[in-house]
Amino acid sequence: MRAVRLTAVGKPLEEAEVALPQIGSSDVLIRVAACGICHSDEHYRAGVSRFDHLPITLGHEIAGWVEKVGTDIKHVRPRDRVCVHYLAHCGTCEFCVRGLEQFCRTVQMIGKHRDGGYAEFIKVPGRNALALPDEIPFEVGAIMMCSSATALHALSKARLKAGESVAIFGFGGLGFSALQLARALECGQVYVVEMNPVKLASAEKLGAVAIDPAKGDPVEQISDATNGKGVDVSLELIGSAKTMRQAVQCLAPLGRAALVGLTAGSVSLSPYSELINKEAEIMGVSDHLAAELPALIEFARSRKLRFPPDAVRFVDLDAEHINASLDAFQNSIDHVRTVIRVTGRGPHES
Ligand SMILES: [Zn+2]
Ligand SMILES: [Zn+2]
């Protein structure tokens with residue numbers, strides 16, 4: 001089969017002809033229909049993360065048809081449409097048995113620690129293949145399994161309740177999903193803090209109150225807009241020490257700040273006024289849980305989570321176009337997600 005692989009960090013991905021994966025009794029072989037090209041993939045190519053072995057096929061945002069199932073697999077059958085949970089986990093360690101598979105002792109990220117979806121086929125553990133309803137196009141089934149899933153996890157970690165107000169710092173892929181999912185969870189007013197005017201305008205179009213940091217301190221703007229109360233939940237999706245501090249400062253009494261963006265910087269806080277006196281909480285958010293995915297899939301099926309057609313662009317499974325899409329992350333200013341459309345034979349025509 002064809003695959004586009006990382007053979008050396010810092011080098012363009014390369015096309016390769018590789019053997020069709022052999023599945024074990026608990027595995028599923030998927031014929032890839034769509035695979036999202038994620039900003040993380042650009043980091044992997046650039047060498048920001050370490051790799052135990054190369055070459056590896058990148059791609060962790062995957063949807064397709066079941067081609068073949070192992071003898072133990074009962075929940076999906078050949079020809080079923082599926083999307084993929086990207087954390088391959090053991091299912092038996094002390095974290096997995098508690099449903100906290102992102103801390104699994106032997107967790108493997110698909111498309112980083114094991115071969116991913118920039119290929120015609122992918123082998124995944126059966127439990128990682130989830131049924132994808134017919135109403136959800138493959139490209140949406142692919143891209144929602146990364147940023148949308150993590151946005152939902154952030155809202156669930158922050159225990160967002162109906163009617164509660166939300167501040168979203170950063171309106172990229174995560175923020176775009178977070179706004180829609182907060183709505184799907186029947187939140188109150190949403191404030192979006194974003195420097196890019198195009199993104200801020202699109203947040204406003206989706207019904208959020210736009211907070212432009214160029215017009216003054218976002219914390220004060222949110223305070224003014226909420227009669228001095230602050231918000232119940234804030235999500236920091238940028239990965240900057242400055243906005244992390246703002247995400248805490250804008251909280252109402254009993255507010256919760258969920259930090260999702262990555263930074264190596266330090267954040268300083270005034271414990272009494274910003275945390276203790278308000279009984280505010282700060283939480284870290286990493287990846288998402290398999291248990292949250294059925295709700296996510298239902299939000300996409302009912303179109304509470306949607307990606308307008310002009311938000312998705314397609315490329316073929318070819319190294320040149322994929323490398324160009326990865327290059328584009330270095331100066332991306334819009335919402336457009338690029339998805340590899342794996343053409344070729346439909347299911348079971350071989
Ligand atoms: Zn991703
Ligand atoms: Zn485990």
# chains A, B, ... in the order shown; residues from 1 in each chain; ligands from 1
$ residues_around --residues "range 294-307 of chain A" --least-positions-apart "2" --cutoff "6 Å" --atoms "only C-alpha atoms" --output "tab-separated table (two decimals) with N, CA and C atoms, in the first residue's frame"
chain	number	residue	atom	x	y	z
A	135	GLU	N	-24.44	10.38	8.67
A	135	GLU	CA	-24.64	11.84	8.54
A	135	GLU	C	-23.33	12.62	8.64
A	136	ILE	N	-22.29	12.01	9.16
A	136	ILE	CA	-21.03	12.74	9.36
A	136	ILE	C	-20.07	12.41	8.22
A	180	GLN	N	-18.67	25.96	19.70
A	180	GLN	CA	-19.86	25.20	19.30
A	180	GLN	C	-20.25	24.17	20.36
A	184	ALA	N	-23.53	23.59	22.55
A	184	ALA	CA	-24.25	22.32	22.56
A	184	ALA	C	-24.54	21.89	24.01
A	292	GLU	N	-15.54	9.99	26.21
A	292	GLU	CA	-16.18	11.24	25.80
A	292	GLU	C	-16.56	11.24	24.31
$ closest_atom_pairs --of "chain A" --to "ligand 1" --cutoff "10 Å" --atoms "only C-alpha atoms and all ligand atoms" --output "CSV"
residue,atom,partner,partner_atom_place_in_ligand_line,distance
A:Cys35,CA,ligand 1,1 (Zn),9.8
A:Gly36,CA,ligand 1,1 (Zn),7.1
A:Ile37,CA,ligand 1,1 (Zn),7.1
A:Cys38,CA,ligand 1,1 (Zn),4.3
A:His39,CA,ligand 1,1 (Zn),6.5
A:Ser40,CA,ligand 1,1 (Zn),6.0
A:Asp41,CA,ligand 1,1 (Zn),7.4
A:Gly59,CA,ligand 1,1 (Zn),7.8
A:His60,CA,ligand 1,1 (Zn),6.1
A:Glu61,CA,ligand 1,1 (Zn),5.9
A:Ile62,CA,ligand 1,1 (Zn),9.7
A:Tyr86,CA,ligand 1,1 (Zn),8.9
A:Gly111,CA,ligand 1,1 (Zn),9.6
A:Ala142,CA,ligand 1,1 (Zn),9.3
A:Ile143,CA,ligand 1,1 (Zn),7.3
A:Met144,CA,ligand 1,1 (Zn),8.9
A:Met145,CA,ligand 1,1 (Zn),7.6
A:Cys146,CA,ligand 1,1 (Zn),4.5
A:Ser147,CA,ligand 1,1 (Zn),6.2
A:Ser148,CA,ligand 1,1 (Zn),9.4
A:Ala149,CA,ligand 1,1 (Zn),9.8
A:Thr150,CA,ligand 1,1 (Zn),9.5
A:Gly173,CA,ligand 1,1 (Zn),9.6
A:Asp287,CA,ligand 1,1 (Zn),9.8
$ residues_near_ligand --ligand "ligand 2" --cutoff "7 Å" --atoms "only C-alpha atoms and all ligand atoms" --output "CSV table (one decimal) with all heavy atoms, in the first residue's frame"
chain,number,residue,atom,x,y,z
A,89,HIS,N,-4.1,2.2,23.8
A,89,HIS,CA,-3.8,2.0,25.2
A,89,HIS,C,-4.0,0.5,25.6
A,89,HIS,O,-4.6,-0.3,24.8
A,89,HIS,CB,-4.7,2.9,26.1
A,89,HIS,CG,-6.2,2.7,25.8
A,89,HIS,ND1,-6.7,3.3,24.6
A,89,HIS,CD2,-7.2,2.2,26.4
A,89,HIS,CE1,-8.0,3.0,24.6
A,89,HIS,NE2,-8.3,2.3,25.7
A,90,CYS,N,-3.5,0.1,26.7
A,90,CYS,CA,-3.4,-1.3,27.1
A,90,CYS,C,-4.7,-1.9,27.5
A,90,CYS,O,-5.0,-3.1,27.4
A,90,CYS,CB,-2.3,-1.6,28.1
A,90,CYS,SG,-2.8,-1.1,29.8
A,91,GLY,N,-5.6,-1.1,28.2
A,91,GLY,CA,-6.9,-1.5,28.6
A,91,GLY,C,-6.8,-2.2,30.0
A,91,GLY,O,-7.9,-2.5,30.6
A,92,THR,N,-5.6,-2.5,30.5
A,92,THR,CA,-5.5,-3.2,31.8
A,92,THR,C,-4.8,-2.6,32.9
A,92,THR,O,-4.8,-3.0,34.0
A,92,THR,CB,-4.9,-4.6,31.5
A,92,THR,OG1,-3.6,-4.4,30.9
A,92,THR,CG2,-5.8,-5.5,30.6
A,93,CYS,N,-4.0,-1.5,32.6
A,93,CYS,CA,-3.2,-0.9,33.7
A,93,CYS,C,-4.1,-0.1,34.6
A,93,CYS,O,-5.3,0.0,34.4
A,93,CYS,CB,-2.1,0.0,33.1
A,93,CYS,SG,-2.7,1.6,32.4
A,94,GLU,N,-3.5,0.4,35.8
A,94,GLU,CA,-4.4,1.0,36.8
A,94,GLU,C,-5.1,2.3,36.2
A,94,GLU,O,-6.2,2.6,36.7
A,94,GLU,CB,-3.6,1.4,38.0
A,94,GLU,CG,-2.7,2.6,38.0
A,94,GLU,CD,-1.2,2.2,37.7
A,94,GLU,OE1,-0.9,1.4,36.8
A,94,GLU,OE2,-0.3,2.9,38.3
A,95,PHE,N,-4.6,2.9,35.2
A,95,PHE,CA,-5.2,4.1,34.6
A,95,PHE,C,-6.3,3.6,33.7
A,95,PHE,O,-7.4,4.2,33.7
A,95,PHE,CB,-4.2,5.0,34.0
A,95,PHE,CG,-3.3,5.7,34.9
A,95,PHE,CD1,-2.0,5.4,35.0
A,95,PHE,CD2,-3.8,6.7,35.8
A,95,PHE,CE1,-1.1,6.0,35.9
A,95,PHE,CE2,-3.0,7.3,36.7
A,95,PHE,CZ,-1.6,6.9,36.8
A,96,CYS,N,-6.0,2.7,32.8
A,96,CYS,CA,-7.0,2.2,31.8
A,96,CYS,C,-8.2,1.7,32.5
A,96,CYS,O,-9.3,2.0,32.0
A,96,CYS,CB,-6.3,1.2,30.9
A,96,CYS,SG,-5.3,1.8,29.6
A,101,GLU,N,-7.3,6.6,30.0
A,101,GLU,CA,-6.3,5.9,29.2
A,101,GLU,C,-5.2,6.9,28.7
A,101,GLU,O,-4.2,6.4,28.2
A,101,GLU,CB,-7.0,5.2,28.0
A,101,GLU,CG,-7.6,6.0,26.9
A,101,GLU,CD,-9.0,6.6,27.3
A,101,GLU,OE1,-9.5,6.2,28.3
A,101,GLU,OE2,-9.5,7.3,26.4
A,104,CYS,N,-2.2,5.9,30.4
A,104,CYS,CA,-1.9,4.5,30.3
A,104,CYS,C,-0.3,4.3,30.3
A,104,CYS,O,0.4,5.1,29.7
A,104,CYS,CB,-2.4,3.9,29.0
A,104,CYS,SG,-1.8,2.2,28.6
A,105,ARG,N,0.1,3.3,31.1
A,105,ARG,CA,1.6,3.1,31.2
A,105,ARG,C,2.3,2.8,29.9
A,105,ARG,O,3.5,3.1,29.8
A,105,ARG,CB,1.8,1.8,32.1
A,105,ARG,CG,1.3,2.0,33.5
A,105,ARG,CD,2.3,2.9,34.3
A,105,ARG,NE,1.9,3.1,35.7
A,105,ARG,CZ,2.5,3.9,36.5
A,105,ARG,NH1,3.5,4.7,36.0
A,105,ARG,NH2,2.1,4.0,37.7
A,106,THR,N,1.5,2.3,28.9
A,106,THR,CA,2.2,2.0,27.6
A,106,THR,C,1.4,2.6,26.5
A,106,THR,O,1.4,2.1,25.4
A,106,THR,CB,2.2,0.4,27.4
A,106,THR,OG1,0.8,0.0,27.5
A,106,THR,CG2,3.0,-0.3,28.5
A,107,VAL,N,0.8,3.8,26.8
A,107,VAL,CA,0.0,4.5,25.8
A,107,VAL,C,0.9,4.8,24.5
A,107,VAL,O,2.1,5.2,24.6
A,107,VAL,CB,-0.6,5.8,26.3
A,107,VAL,CG1,0.4,6.9,26.6
A,107,VAL,CG2,-1.8,6.2,25.4
$ closest_residue --among "A:Glu281, A:Ile110, A:Ala3, A:His75" --to "Ala19 in chain A" --atoms "only C-alpha atoms"
A:Ala3
$ residues_around --residues "Val193 in chain A" --least-positions-apart "5" --cutoff "12 Å" --atoms "only C-alpha atoms" --output "short mmCIF file (atom, residue, chain, number, x, y, z; two decimals) with all heavy atoms, in the first residue's frame"
data_model
loop_
_atom_site.label_atom_id
_atom_site.label_comp_id
_atom_site.auth_asym_id
_atom_site.auth_seq_id
_atom_site.Cartn_x
_atom_site.Cartn_y
_atom_site.Cartn_z
N VAL A 166 -18.68 31.54 29.58
CA VAL A 166 -17.41 30.95 29.17
C VAL A 166 -16.55 32.02 28.51
O VAL A 166 -17.05 32.81 27.70
CB VAL A 166 -17.63 29.80 28.15
CG1 VAL A 166 -16.30 29.15 27.76
CG2 VAL A 166 -18.58 28.75 28.70
N ALA A 167 -15.24 32.03 28.83
CA ALA A 167 -14.30 32.85 28.06
C ALA A 167 -13.35 31.89 27.34
O ALA A 167 -12.81 30.97 27.95
CB ALA A 167 -13.51 33.77 28.98
N ILE A 168 -13.19 32.10 26.04
CA ILE A 168 -12.30 31.28 25.23
C ILE A 168 -11.13 32.14 24.78
O ILE A 168 -11.34 33.15 24.08
CB ILE A 168 -13.04 30.69 24.01
CG1 ILE A 168 -14.16 29.74 24.49
CG2 ILE A 168 -12.08 29.94 23.09
CD1 ILE A 168 -15.06 29.24 23.36
N PHE A 169 -9.93 31.78 25.20
CA PHE A 169 -8.73 32.52 24.79
C PHE A 169 -8.10 31.79 23.61
O PHE A 169 -7.53 30.72 23.77
CB PHE A 169 -7.73 32.63 25.96
CG PHE A 169 -8.19 33.56 27.04
CD1 PHE A 169 -9.13 33.16 27.98
CD2 PHE A 169 -7.70 34.86 27.11
CE1 PHE A 169 -9.58 34.04 28.97
CE2 PHE A 169 -8.13 35.74 28.09
CZ PHE A 169 -9.07 35.32 29.02
N GLY A 170 -8.23 32.37 22.43
CA GLY A 170 -7.67 31.75 21.22
C GLY A 170 -8.76 31.11 20.40
O GLY A 170 -9.48 30.24 20.88
N PHE A 171 -8.91 31.57 19.14
CA PHE A 171 -9.99 31.04 18.30
C PHE A 171 -9.42 30.35 17.07
O PHE A 171 -9.75 30.67 15.94
CB PHE A 171 -10.97 32.15 17.94
CG PHE A 171 -12.32 31.63 17.56
CD1 PHE A 171 -13.12 30.99 18.49
CD2 PHE A 171 -12.79 31.77 16.27
CE1 PHE A 171 -14.37 30.49 18.14
CE2 PHE A 171 -14.03 31.27 15.90
CZ PHE A 171 -14.82 30.63 16.83
N GLY A 172 -8.54 29.38 17.29
CA GLY A 172 -8.07 28.52 16.22
C GLY A 172 -8.96 27.28 16.17
O GLY A 172 -10.14 27.34 16.51
N GLY A 175 -10.60 26.46 19.53
CA GLY A 175 -11.59 27.44 19.94
C GLY A 175 -12.86 27.36 19.10
O GLY A 175 -13.98 27.49 19.61
N LEU A 179 -16.32 26.69 21.09
CA LEU A 179 -17.48 27.59 21.09
C LEU A 179 -18.75 26.79 20.75
O LEU A 179 -19.78 26.89 21.43
CB LEU A 179 -17.26 28.72 20.09
CG LEU A 179 -18.45 29.63 19.80
CD1 LEU A 179 -19.00 30.26 21.06
CD2 LEU A 179 -18.07 30.73 18.80
N LYS A 199 -10.31 35.94 12.60
CA LYS A 199 -10.83 34.90 13.49
C LYS A 199 -11.84 35.48 14.48
O LYS A 199 -12.85 34.86 14.78
CB LYS A 199 -9.67 34.28 14.27
CG LYS A 199 -8.73 33.42 13.42
CD LYS A 199 -7.64 32.85 14.30
CE LYS A 199 -6.68 31.99 13.49
NZ LYS A 199 -5.58 31.50 14.31
N LEU A 200 -11.55 36.69 14.97
CA LEU A 200 -12.46 37.31 15.93
C LEU A 200 -13.82 37.58 15.29
O LEU A 200 -14.86 37.35 15.91
CB LEU A 200 -11.83 38.61 16.46
CG LEU A 200 -12.47 39.20 17.71
CD1 LEU A 200 -12.43 38.22 18.88
CD2 LEU A 200 -11.79 40.50 18.11
N ALA A 201 -13.79 38.02 14.03
CA ALA A 201 -15.05 38.27 13.33
C ALA A 201 -15.82 36.97 13.16
O ALA A 201 -17.06 36.94 13.26
CB ALA A 201 -14.77 38.92 11.97
N SER A 202 -15.12 35.88 12.92
CA SER A 202 -15.85 34.62 12.71
C SER A 202 -16.43 34.13 14.04
O SER A 202 -17.50 33.53 14.08
CB SER A 202 -14.98 33.58 12.00
OG SER A 202 -14.29 32.77 12.88
N ALA A 203 -15.75 34.41 15.16
CA ALA A 203 -16.31 34.07 16.48
C ALA A 203 -17.60 34.86 16.73
O ALA A 203 -18.60 34.34 17.23
CB ALA A 203 -15.30 34.34 17.58
N GLU A 204 -17.55 36.13 16.35
CA GLU A 204 -18.71 37.00 16.55
C GLU A 204 -19.89 36.52 15.69
O GLU A 204 -21.04 36.51 16.13
CB GLU A 204 -18.32 38.43 16.17
CG GLU A 204 -19.13 39.47 16.88
CD GLU A 204 -18.53 40.87 16.74
OE1 GLU A 204 -17.68 41.09 15.85
OE2 GLU A 204 -18.92 41.74 17.52
N ALA A 208 -20.57 34.71 19.55
CA ALA A 208 -19.78 35.03 20.74
C ALA A 208 -19.62 36.55 20.87
O ALA A 208 -19.76 37.28 19.90
CB ALA A 208 -18.41 34.38 20.65
N VAL A 209 -19.32 37.02 22.08
CA VAL A 209 -18.95 38.41 22.28
C VAL A 209 -17.45 38.51 22.00
O VAL A 209 -16.64 37.81 22.61
CB VAL A 209 -19.24 38.86 23.73
CG1 VAL A 209 -18.73 40.27 23.97
CG2 VAL A 209 -20.73 38.76 24.03
N ALA A 210 -17.10 39.37 21.03
CA ALA A 210 -15.70 39.49 20.62
C ALA A 210 -14.94 40.36 21.61
O ALA A 210 -15.37 41.47 21.93
CB ALA A 210 -15.63 40.08 19.22
N ILE A 211 -13.81 39.86 22.09
CA ILE A 211 -12.94 40.64 22.98
C ILE A 211 -11.61 40.82 22.25
O ILE A 211 -10.86 39.85 22.07
CB ILE A 211 -12.71 39.91 24.32
CG1 ILE A 211 -14.04 39.60 25.03
CG2 ILE A 211 -11.75 40.71 25.21
CD1 ILE A 211 -14.72 40.78 25.68
N ASP A 212 -11.36 42.07 21.84
CA ASP A 212 -10.14 42.36 21.09
C ASP A 212 -9.08 42.94 22.04
O ASP A 212 -9.25 44.03 22.57
CB ASP A 212 -10.49 43.39 19.99
CG ASP A 212 -9.28 43.74 19.13
OD1 ASP A 212 -8.17 43.27 19.45
OD2 ASP A 212 -9.47 44.49 18.15
N PRO A 213 -7.98 42.20 22.27
CA PRO A 213 -6.97 42.67 23.22
C PRO A 213 -6.35 44.00 22.80
O PRO A 213 -5.80 44.71 23.64
CB PRO A 213 -5.90 41.56 23.19
CG PRO A 213 -6.55 40.38 22.56
CD PRO A 213 -7.62 40.91 21.66
N ALA A 214 -6.45 44.36 21.51
CA ALA A 214 -5.91 45.65 21.06
C ALA A 214 -6.73 46.81 21.63
O ALA A 214 -6.27 47.94 21.67
CB ALA A 214 -5.91 45.70 19.53
N LYS A 215 -7.95 46.52 22.10
CA LYS A 215 -8.81 47.58 22.62
C LYS A 215 -8.76 47.69 24.14
O LYS A 215 -9.62 48.32 24.75
CB LYS A 215 -10.26 47.33 22.18
CG LYS A 215 -10.44 47.49 20.68
CD LYS A 215 -11.88 47.38 20.27
CE LYS A 215 -12.04 47.56 18.77
NZ LYS A 215 -13.25 46.93 18.26
N GLY A 216 -7.78 47.05 24.75
CA GLY A 216 -7.64 47.14 26.21
C GLY A 216 -7.53 45.77 26.85
O GLY A 216 -7.74 44.75 26.19
N ASP A 217 -7.21 45.76 28.13
CA ASP A 217 -7.00 44.52 28.88
C ASP A 217 -8.24 43.61 28.78
O ASP A 217 -9.34 44.02 29.16
CB ASP A 217 -6.74 44.89 30.35
CG ASP A 217 -6.49 43.66 31.21
OD1 ASP A 217 -6.51 42.54 30.67
OD2 ASP A 217 -6.29 43.84 32.43
N PRO A 218 -8.09 42.41 28.24
CA PRO A 218 -9.23 41.50 28.10
C PRO A 218 -9.92 41.21 29.43
O PRO A 218 -11.15 41.05 29.48
CB PRO A 218 -8.61 40.20 27.55
CG PRO A 218 -7.31 40.59 26.97
CD PRO A 218 -6.84 41.81 27.70
N VAL A 219 -9.15 41.18 30.52
CA VAL A 219 -9.75 40.89 31.83
C VAL A 219 -10.73 42.00 32.20
O VAL A 219 -11.85 41.74 32.66
CB VAL A 219 -8.66 40.74 32.91
CG1 VAL A 219 -9.30 40.50 34.28
CG2 VAL A 219 -7.71 39.59 32.55
N GLU A 220 -10.32 43.24 31.96
CA GLU A 220 -11.21 44.37 32.25
C GLU A 220 -12.42 44.37 31.33
O GLU A 220 -13.55 44.65 31.75
CB GLU A 220 -10.46 45.70 32.12
CG GLU A 220 -9.65 46.02 33.36
CD GLU A 220 -8.72 47.20 33.16
OE1 GLU A 220 -9.04 48.08 32.32
OE2 GLU A 220 -7.66 47.23 33.82
N GLN A 221 -12.18 44.04 30.06
CA GLN A 221 -13.31 44.02 29.11
C GLN A 221 -14.34 42.97 29.53
O GLN A 221 -15.55 43.20 29.45
CB GLN A 221 -12.82 43.72 27.69
CG GLN A 221 -11.95 44.83 27.09
CD GLN A 221 -11.69 44.55 25.61
OE1 GLN A 221 -12.61 44.43 24.81
NE2 GLN A 221 -10.42 44.45 25.24
N ILE A 222 -13.84 41.80 29.97
CA ILE A 222 -14.77 40.73 30.39
C ILE A 222 -15.47 41.15 31.69
O ILE A 222 -16.67 40.94 31.86
CB ILE A 222 -14.02 39.39 30.55
CG1 ILE A 222 -13.58 38.88 29.17
CG2 ILE A 222 -14.89 38.35 31.25
CD1 ILE A 222 -12.65 37.67 29.20
N SER A 234 -13.19 29.40 32.01
CA SER A 234 -12.33 29.96 30.96
C SER A 234 -11.47 28.85 30.39
O SER A 234 -11.09 27.92 31.09
CB SER A 234 -11.46 31.10 31.51
OG SER A 234 -10.55 30.61 32.47
N LEU A 235 -11.22 28.95 29.09
CA LEU A 235 -10.37 27.97 28.40
C LEU A 235 -9.19 28.71 27.80
O LEU A 235 -9.38 29.64 27.02
CB LEU A 235 -11.14 27.28 27.26
CG LEU A 235 -12.47 26.60 27.57
CD1 LEU A 235 -13.04 25.98 26.29
CD2 LEU A 235 -12.30 25.52 28.63
N GLU A 236 -7.98 28.29 28.14
CA GLU A 236 -6.80 28.90 27.54
C GLU A 236 -6.30 27.94 26.48
O GLU A 236 -5.87 26.84 26.78
CB GLU A 236 -5.72 29.16 28.60
CG GLU A 236 -4.73 30.25 28.19
CD GLU A 236 -3.69 29.84 27.16
OE1 GLU A 236 -3.47 28.62 26.96
OE2 GLU A 236 -3.07 30.73 26.56
N LEU A 237 -6.39 28.36 25.21
CA LEU A 237 -6.09 27.46 24.09
C LEU A 237 -4.89 27.96 23.30
O LEU A 237 -4.61 27.43 22.22
CB LEU A 237 -7.32 27.37 23.17
CG LEU A 237 -8.66 27.07 23.86
CD1 LEU A 237 -9.80 27.13 22.85
CD2 LEU A 237 -8.63 25.70 24.53
N ILE A 238 -4.20 28.98 23.80
CA ILE A 238 -3.13 29.60 23.03
C ILE A 238 -1.76 29.04 23.42
O ILE A 238 -0.93 28.72 22.57
CB ILE A 238 -3.14 31.14 23.24
CG1 ILE A 238 -4.46 31.72 22.71
CG2 ILE A 238 -1.94 31.80 22.57
CD1 ILE A 238 -4.73 33.15 23.15
N THR A 243 -1.80 34.91 28.61
CA THR A 243 -3.24 34.61 28.51
C THR A 243 -3.66 33.58 29.56
O THR A 243 -4.82 33.56 29.97
CB THR A 243 -3.63 34.13 27.10
OG1 THR A 243 -2.66 33.21 26.62
CG2 THR A 243 -3.72 35.31 26.14
N MET A 244 -2.72 32.74 30.03
CA MET A 244 -3.08 31.82 31.12
C MET A 244 -3.43 32.62 32.37
O MET A 244 -4.39 32.33 33.07
CB MET A 244 -1.92 30.87 31.41
CG MET A 244 -1.83 29.76 30.40
SD MET A 244 -0.53 28.60 30.79
CE MET A 244 -0.63 27.58 29.31
N GLN A 246 -4.49 35.70 32.41
CA GLN A 246 -5.77 36.37 32.15
C GLN A 246 -6.95 35.41 32.32
O GLN A 246 -8.01 35.78 32.83
CB GLN A 246 -5.78 36.97 30.74
CG GLN A 246 -4.79 38.12 30.59
CD GLN A 246 -4.61 38.56 29.14
OE1 GLN A 246 -5.02 37.87 28.20
NE2 GLN A 246 -3.96 39.70 28.96
N ALA A 247 -6.73 34.15 31.90
CA ALA A 247 -7.81 33.15 32.00
C ALA A 247 -8.17 32.91 33.47
O ALA A 247 -9.32 32.56 33.78
CB ALA A 247 -7.39 31.85 31.33
N CYS A 250 -9.92 36.39 34.95
CA CYS A 250 -11.28 36.75 34.50
C CYS A 250 -12.36 35.87 35.13
O CYS A 250 -13.53 36.00 34.79
CB CYS A 250 -11.37 36.67 32.96
SG CYS A 250 -11.38 35.01 32.32
#
$ atom_distance --atom1 "CA of His43 in chain A" --atom2 "CA of Gly64 in chain A"
24.8 Å
$ closest_atom_pairs --of "range 108-177 of chain A" --to "range 78-82 of chain A" --cutoff "7 Å" --atoms "only C-alpha atoms" --output "JSON lines"
{"residue": "A:Ala129", "atom": "CA", "partner": "A:Val82", "partner_atom": "CA", "distance": 5.9}
{"residue": "A:Leu130", "atom": "CA", "partner": "A:Val82", "partner_atom": "CA", "distance": 5.2}
{"residue": "A:Ala131", "atom": "CA", "partner": "A:Val82", "partner_atom": "CA", "distance": 4.5}
{"residue": "A:Leu132", "atom": "CA", "partner": "A:Val82", "partner_atom": "CA", "distance": 4.5}
$ residues_around --residues "Ala182 in chain A" --least-positions-apart "5" --cutoff "9 Å" --atoms "only C-alpha atoms" --output "MDAnalysis selection string"
chainID A and resid 152 155 160 162 166 177 187:188 190
$ closest_residue --among "A:Ala158, A:Arg98, A:Ser25, A:Ala33" --to "Gly126 in chain A" --atoms "only C-alpha atoms"
A:Ser25
$ closest_residue --among "A:Ala328, A:Ile282, A:Val32, A:Val9" --to "Val66 in chain A" --atoms "only C-alpha atoms"
A:Val32
$ residues_around --residues "Arg337 in chain A" --least-positions-apart "4" --cutoff "7 Å" --atoms "only C-alpha atoms" --output "list in words"
Ala311, Val312 and Arg313 of chain A
$ write_last_selection --atoms "all heavy atoms" --output "PDB file, in the first residue's frame"
ATOM      1  N   ALA A 311     -14.373  25.549   5.291  1.00  0.00           N
ATOM      2  CA  ALA A 311     -13.367  25.423   6.351  1.00  0.00           C
ATOM      3  C   ALA A 311     -12.474  24.204   6.138  1.00  0.00           C
ATOM      4  O   ALA A 311     -11.547  23.970   6.906  1.00  0.00           O
ATOM      5  CB  ALA A 311     -14.044  25.334   7.710  1.00  0.00           C
ATOM      6  N   VAL A 312     -12.783  23.406   5.126  1.00  0.00           N
ATOM      7  CA  VAL A 312     -12.010  22.189   4.890  1.00  0.00           C
ATOM      8  C   VAL A 312     -11.461  22.209   3.464  1.00  0.00           C
ATOM      9  O   VAL A 312     -12.189  22.541   2.526  1.00  0.00           O
ATOM     10  CB  VAL A 312     -12.879  20.924   5.094  1.00  0.00           C
ATOM     11  CG1 VAL A 312     -12.059  19.666   4.901  1.00  0.00           C
ATOM     12  CG2 VAL A 312     -13.514  20.928   6.479  1.00  0.00           C
ATOM     13  N   ARG A 313     -10.187  21.897   3.347  1.00  0.00           N
ATOM     14  CA  ARG A 313      -9.567  21.816   2.024  1.00  0.00           C
ATOM     15  C   ARG A 313      -8.986  20.414   1.878  1.00  0.00           C
ATOM     16  O   ARG A 313      -8.561  19.811   2.861  1.00  0.00           O
ATOM     17  CB  ARG A 313      -8.454  22.861   1.950  1.00  0.00           C
ATOM     18  CG  ARG A 313      -7.894  23.074   0.569  1.00  0.00           C
ATOM     19  CD  ARG A 313      -6.769  24.094   0.616  1.00  0.00           C
ATOM     20  NE  ARG A 313      -5.785  23.680   1.609  1.00  0.00           N
ATOM     21  CZ  ARG A 313      -4.815  24.467   2.065  1.00  0.00           C
ATOM     22  NH1 ARG A 313      -4.712  25.693   1.643  1.00  0.00           N
ATOM     23  NH2 ARG A 313      -3.942  24.008   2.930  1.00  0.00           N
TER      24      ARG A 313
END
$ residues_around --residues "range 27-31 of chain A" --least-positions-apart "5" --cutoff "9 Å" --atoms "only C-alpha atoms" --output "PyMOL selection string"
chain A and resi 21-22+63-73+76+78+82+119-129+342+346-347
$ select_by_dssp --residues "range 71-269 of chain A" --states "strand (DSSP E or B)" --output "PyMOL selection string"
chain A and resi 81-84+87-88+108-110+114+119+121-125+129-131+166-169+190-193+209-211+231-236+251-259
$ residues_around --residues "range 263-277 of chain A" --least-positions-apart "6" --cutoff "7 Å" --atoms "only C-alpha atoms" --output "list in words"
Gly239, Ser240, Ala241, Arg245, Val248 and Gln249 of chain A
$ atom_distance --atom1 "CA of Leu259 in chain A" --atom2 "CA of Phe138 in chain A"
29.5 Å
$ atom_distance --atom1 "CA of Ile340 in chain A" --atom2 "CA of Leu87 in chain A"
20.3 Å
$ closest_residue --among "A:Leu289, A:Leu13, A:Arg50, A:Arg256" --to "Asp327 in chain A" --atoms "only C-alpha atoms"
A:Leu13
$ closest_residue --among "A:Tyr118, A:Phe103, A:Phe329, A:Phe314" --to "Glu42 in chain A" --atoms "only C-alpha atoms"
A:Phe329
